[in-house]
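Each remark here refers to the structure printed beneath this line.
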There are 2 protein chains.
Amino acid sequence: MSEQTSKHTHVLVIEDQHLMRLALIHELQAALPASIVHGAANVTIALDLLESHQFDLVVIDPGMPGYDPKSQDDRLDVVQVILDLSPDAIHFVVTGSDTDEEWEHCQKLGVVGYLAKNNIRPGALVDVLQEVAERGYSVRLSNETTAPPEFYHSGLTPREQEILGWMRQRPSGISRKEIYEQLGERFDIDAASAEKYYKRARAKLLKTGLLPKGL
Amino acid sequence: MSEQTSKHTHVLVIEDQHLMRLALIHELQAALPASIVHGAANVTIALDLLESHQFDLVVIDPGMPGYDPKSQDDRLDVVQVILDLSPDAIHFVVTGSDTDEEWEHCQKLGVVGYLAKNNIRPGALVDVLQEVAERGYSVRLSNETTAPPEFYHSGLTPREQEILGWMRQRPSGISRKEIYEQLGERFDIDAASAEKYYKRARAKLLKTGLLPKGL
DNA sequence: CAAAATAGGGACAGGGTTGTCCCTATTTTT
DNA sequence: AAAAATAGGGACAACCCTGTCCCTATTTTG
């Protein structure tokens, strides 16, 4: 009962896929700077945590083992149980197989965020949280995006990787310089620094022998 | 055709869930130190990449949009098409809804790794790769593990987070000192350093007001 | 009680990443 | 031909994380 530290947001992520759970936790920590995030790999653990802690935000993947993932009733049961145990928190549902109907059902139960796993990109949770704050809910149904191919080289630093990713999406007709400026704004650094990172990344790729066409 | 750099392992990850794809890419880069990893968010991109590049390892999630994830035929079709385009690579299938039958079908097609998403933990791919190298295949079907609850605080460094995670699983009857020694071996650092990290993590948690019980 | 374990610190070097600033050729655009 | 963009570098400080070593109280265990 003494688990309330006003400074921090207390978050619980219930998701059985380990890598996905860690990724969600990571995203949430980035979106909520002063946060304490708990992870639960199954419903049993989740229930334990819900009984001993007070949470501000609970993220649920209803497709957990022990419940038939194809059974609509089972899925909603999980959500219902968790909502009952954390009436003061706001709740997001994250799922690999989203449907419009399920969102409507969840909404009736009190869920304010419904997110298809293939529509959660890095950084997207900031927008979702803001949308919830402004409109009261946020829905992101499955969406086949035309994302460009990605390229990761073990020798690049995260910054280089990131800058390179953006540069590779440069539309024709836009100069690199303009991209540098956009990146500068976006990451709050000098355009010259962005340029530097891009050049260093390029140099590394050249040295190892391969660079994606059109860089 | 000139895409062969003998030093690097060329990997392709085909997965529509962005966070999962990134996580898999991250895992693969950690497991294969000198690697170049490409990511494809849908089959179209994957086919493009397969035509223009030569890969050593291809990781496929057959549950992609555009194909009915519940249709066994559709799922296997995706796998089949990709195998045809990369006959020299080894292939892993990663899925959120694994079945024994599907593994058998995949195996007949030439797949050597079949992994349920909820059975891939951080670092697990090293073992999978080794098992494939030794036995020719590796299967990890869905498995409800009794993982302990996780705890993440934004103020902790990765090392502190990691050490704390291990310490929290300390069985009763084992002294902290013994854990420090185990951690020292596992991470190839001094037991004293592990102790230091734990203590610092503990101090940080105390300062912010909360620490999980039993730490 | 004596010994071991634990809590709670400080100092310090090394390494990598980040970010800024500056430089010169070469190529492309206007 | 002049101007802008681009390639390809170097130097440098600031910062954080890592890892090692050392220190003193307090608590727990044998």
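Just so we're on the same page: first chain in the structure tokens is A, next is B, and so on; residues restart at 1 for each chain, and ligands are numbered from 1 in the order they show up.
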
### Message
At a cut-off of 12 Å, which residues of chain B touch chain D? Count only C-alpha atoms (C1' of nucleotides) and give the answer as a PyMOL selection string.
### Response
chain B and resi 156-160+175+184+187-197

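For chain B, the residues within 12 Å of chain C are Ile174, Ser175, Arg176, Lys177, Glu178, Glu195, Lys196, Tyr198, Lys199, Arg200, Ala201, Arg202, Ala203, Lys204 and Leu206 of chain B, with only C-alpha atoms (C1' of nucleotides) used to measure distance.
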
### Message
Should the cut-off be 6 Å, what would the residue list for chain B against chain A look like, counting only C-alpha atoms, as a PyMOL selection string?
### Response
chain B and resi 16-18+20+35-40+117-118+121+149-154
